[in-house]
Amino acid sequence: MLTITTLKEILAEPKTIVITTHYKPDGDALGSSLAMLLWLKARGHQVQLIVPSDYPSFLHWMPHQEEALIYTDHQAQADQLIKQADLIFCLDFNGLGRTHDMQGILRESQAIKVMLDHHLVPEDFDDFRLWDTDAAATALLVYDFIVNLMDDRASITPEIASCIYTGIMTDTGSFRFQSTTAAVHLTVADLILLGAKNAEIHDLVYNSSSENRLRFLGFCLLNRLQVLPQFNTAYFAITKEDLLRFNITTGDTEGLVNYALSISGIRLAALIIDRTNQIKLSLRSTGTFPVNEVCATYFNGGGHRNAAGGHDDLPLAQVVDKFKSILPSYQEQLTL
Ligand code: 5GP
Ligand code: MN
């Protein structure tokens with residue numbers, strides 16, 4: 001592991017840098033990556049952001065997002081850039097598997113890997129890490145890196161501040177999850193002082209639904225929501241046909257699982273979707289129920305205690321049955 005002093009010395013000279021994040025980047029992944037891109041570029045480095053896949057359209061307004069190279073669309077070019085990189089910044093993930101198709105080339109790379117992340121159980125691929133599972137968002141760690149480790153608050157432009165703000169806002173459910181400490185609010189206040197356009201960002205992210213997306217929400221609430229009162233559990237199971245019928249694309253199902261959790265008394269909520277090649281699960285909980293354990297044990301995934309995800313290769317109906325069959329073993333935790 002490198003010390004921060006050594007990393008500072010390395011970054012004192014212009015370097016060739018790749019920034020990357022997890023598959024299907026969310027607001028925190030993309031916000032953190034763009035903030036780091038803008039800051040590193042301003043310091044004179046040659047920087048390329050490579051994202052493993054596309055990302056939701058409600059993030060398409062973000063400053064400089066058009067500079068991101070989507071790996072699946074530009075694999076040869078991206079591989080070349082990764083091979084040439086002196087450093088690779090790995091943001092909002094801590095296992096190379098989370099980058100899907102990029103993991104092979106990242107594993108081969110001899111570049112110095114800098115990881116900023118807040119997920120549990122990190123893999124050992126990095127040379128420097130700013131890792132804090134108590135951090136509400138990776139974007140907070142980006143702020144910490146620039147302001148406290150690099151001592152460079154002065155370089156935070158309104159664009160950088162807006163990117164960091166977006167990451168914190170989306171990963172804290174607009175500042176309402178338990179992770180939203182007083183320190184988070186103080187950082188957010190500083191970001192607004194630095195020029196983050198808070199009201200505008202809320203509007204751009206949350207008031208950008210298509211008519212289809214809203215009708216899909218109505219359809220799911222009416223026809224796809226199942227409630228299991230004996231386990232304080234509610235879930236949606238969404239078929240391929242549902243996605244086609246409403247022309248659902250990346251990001252359109254974001255937040256849907258929270259409607260299941262919003263029913264009074266519900267402790268566990270799930271969104272089970274039949275995606276192109278496999279079934280994707282998104283689990284949410286209230287209180288101490290550990291959905292990351294459920295995802296890690298049964299669904300090849302992980303995440304945080306109250307928000308986790310995973311996937312399964314079985315058909316949708318069987319995954320739903322599997323999910324339901326797990327509940328009795330958690331009866332006590334779900335109903336106490
Ligand atoms: P979401 O349900 O919104 O896809 O993800 C919720 C949380 O679970 C995020 O923090 C995300 O990083 C994590 N997560 C989602 N899918 C996976 C997965 O397949 N593997 C792991 N390890 N974590 C996941
Ligand atoms: Mn995050």
# chains A, B, ... in the order shown; residues from 1 in each chain; ligands from 1
$ residues_around --residues "Ile17 in chain A" --least-positions-apart "6" --cutoff "9 Å" --atoms "only C-alpha atoms" --output "NGL selection string"
:A and (40 or 45-49 or 81-82 or 84-89 or 111)
$ residues_near_ligand --ligand "ligand 1" --cutoff "6 Å" --atoms "only C-alpha atoms and all ligand atoms" --output "short mmCIF file (atom, residue, chain, number, x, y, z; two decimals) with C-alpha atoms, in the first residue's frame"
data_model
loop_
_atom_site.label_atom_id
_atom_site.label_comp_id
_atom_site.auth_asym_id
_atom_site.auth_seq_id
_atom_site.Cartn_x
_atom_site.Cartn_y
_atom_site.Cartn_z
CA SER A 282 -32.66 -5.13 -5.51
CA LEU A 283 -33.36 -5.50 -1.82
CA GLY A 301 -24.34 -10.13 -4.60
CA GLY A 302 -23.85 -7.77 -1.69
CA GLY A 303 -24.12 -4.12 -0.78
CA HIS A 304 -25.06 -2.30 2.38
CA ALA A 307 -29.68 -1.58 0.39
CA ALA A 308 -28.18 -4.45 -1.53
CA GLY A 309 -28.40 -6.22 -4.84
CA GLY A 310 -27.62 -9.45 -6.59
CA HIS A 311 -28.50 -11.68 -9.50
#
$ closest_atom_pairs --of "chain A" --to "ligand 2" --cutoff "8 Å" --atoms "only C-alpha atoms and all ligand atoms" --output "JSON lines"
{"residue": "A:Asp26", "atom": "CA", "partner": "ligand 2", "partner_atom_place_in_ligand_line": "1 (Mn)", "distance": 7.6}
{"residue": "A:Gly27", "atom": "CA", "partner": "ligand 2", "partner_atom_place_in_ligand_line": "1 (Mn)", "distance": 7.9}
{"residue": "A:Asp28", "atom": "CA", "partner": "ligand 2", "partner_atom_place_in_ligand_line": "1 (Mn)", "distance": 4.9}
{"residue": "A:Ala29", "atom": "CA", "partner": "ligand 2", "partner_atom_place_in_ligand_line": "1 (Mn)", "distance": 6.0}
{"residue": "A:Asp92", "atom": "CA", "partner": "ligand 2", "partner_atom_place_in_ligand_line": "1 (Mn)", "distance": 5.2}
{"residue": "A:Phe93", "atom": "CA", "partner": "ligand 2", "partner_atom_place_in_ligand_line": "1 (Mn)", "distance": 7.7}
{"residue": "A:Asp117", "atom": "CA", "partner": "ligand 2", "partner_atom_place_in_ligand_line": "1 (Mn)", "distance": 7.3}
{"residue": "A:His118", "atom": "CA", "partner": "ligand 2", "partner_atom_place_in_ligand_line": "1 (Mn)", "distance": 6.6}
{"residue": "A:His119", "atom": "CA", "partner": "ligand 2", "partner_atom_place_in_ligand_line": "1 (Mn)", "distance": 7.6}
{"residue": "A:Ala136", "atom": "CA", "partner": "ligand 2", "partner_atom_place_in_ligand_line": "1 (Mn)", "distance": 7.5}
{"residue": "A:Ala137", "atom": "CA", "partner": "ligand 2", "partner_atom_place_in_ligand_line": "1 (Mn)", "distance": 4.8}
{"residue": "A:Thr138", "atom": "CA", "partner": "ligand 2", "partner_atom_place_in_ligand_line": "1 (Mn)", "distance": 5.1}
{"residue": "A:Ala139", "atom": "CA", "partner": "ligand 2", "partner_atom_place_in_ligand_line": "1 (Mn)", "distance": 7.5}
{"residue": "A:Gly167", "atom": "CA", "partner": "ligand 2", "partner_atom_place_in_ligand_line": "1 (Mn)", "distance": 7.3}
{"residue": "A:Asp171", "atom": "CA", "partner": "ligand 2", "partner_atom_place_in_ligand_line": "1 (Mn)", "distance": 5.8}
$ closest_residue --among "A:Tyr143, A:Tyr330, A:Phe231, A:Phe219" --to "Leu194 in chain A" --atoms "only C-alpha atoms"
A:Tyr143
$ residues_around --residues "His185 in chain A" --least-positions-apart "5" --cutoff "10 Å" --atoms "only C-alpha atoms" --output "list in words"
Ile168, Phe175, Thr180, Asp190 and Leu191 of chain A
$ closest_atom_pairs --of "range 28-116 of chain A" --to "range 246-269 of chain A" --cutoff "10 Å" --atoms "only C-alpha atoms" --output "tab-separated table"
residue	atom	partner	partner_atom	distance
A:Ser53	CA	A:Thr250	CA	9.9
A:Asp54	CA	A:Thr250	CA	7.5
A:Tyr55	CA	A:Thr250	CA	6.1
A:Pro56	CA	A:Gly251	CA	4.1
A:Ser57	CA	A:Gly251	CA	6.7
A:Phe58	CA	A:Gly251	CA	7.4
A:Leu59	CA	A:Gly251	CA	9.1
$ select_by_dssp --residues "range 50-258 of chain A" --states "strand (DSSP E)" --output "VMD selection string"
chain A and resid 50 to 51 69 to 70 87 to 91 112 to 117 128 to 131 225 to 228 233 to 238
$ decode --residues "range 34-45 of chain A" --atoms "N, CA and C atoms" --output "CSV table (one decimal), in the first residue's frame"
chain,number,residue,atom,x,y,z
A,34,LEU,N,-17.0,11.9,-12.3
A,34,LEU,CA,-16.9,13.1,-13.0
A,34,LEU,C,-16.2,14.2,-12.1
A,35,ALA,N,-16.5,14.2,-10.8
A,35,ALA,CA,-15.8,15.1,-10.0
A,35,ALA,C,-14.3,14.9,-10.0
A,36,MET,N,-13.9,13.6,-9.9
A,36,MET,CA,-12.5,13.2,-9.9
A,36,MET,C,-11.8,13.6,-11.3
A,37,LEU,N,-12.6,13.3,-12.4
A,37,LEU,CA,-12.1,13.6,-13.7
A,37,LEU,C,-11.8,15.1,-13.8
A,38,LEU,N,-12.7,16.0,-13.4
A,38,LEU,CA,-12.5,17.4,-13.5
A,38,LEU,C,-11.4,17.9,-12.7
A,39,TRP,N,-11.3,17.4,-11.5
A,39,TRP,CA,-10.2,17.8,-10.6
A,39,TRP,C,-8.9,17.4,-11.1
A,40,LEU,N,-8.7,16.1,-11.5
A,40,LEU,CA,-7.4,15.6,-12.0
A,40,LEU,C,-7.0,16.3,-13.2
A,41,LYS,N,-8.0,16.6,-14.1
A,41,LYS,CA,-7.6,17.3,-15.4
A,41,LYS,C,-7.1,18.7,-15.0
A,42,ALA,N,-7.8,19.4,-14.1
A,42,ALA,CA,-7.4,20.7,-13.7
A,42,ALA,C,-6.0,20.8,-13.1
A,43,ARG,N,-5.6,19.6,-12.6
A,43,ARG,CA,-4.2,19.5,-12.0
A,43,ARG,C,-3.2,19.1,-13.1
A,44,GLY,N,-3.6,19.1,-14.4
A,44,GLY,CA,-2.7,18.9,-15.5
A,44,GLY,C,-2.5,17.4,-15.9
A,45,HIS,N,-3.3,16.5,-15.4
A,45,HIS,CA,-3.1,15.1,-15.8
A,45,HIS,C,-3.9,14.9,-17.1
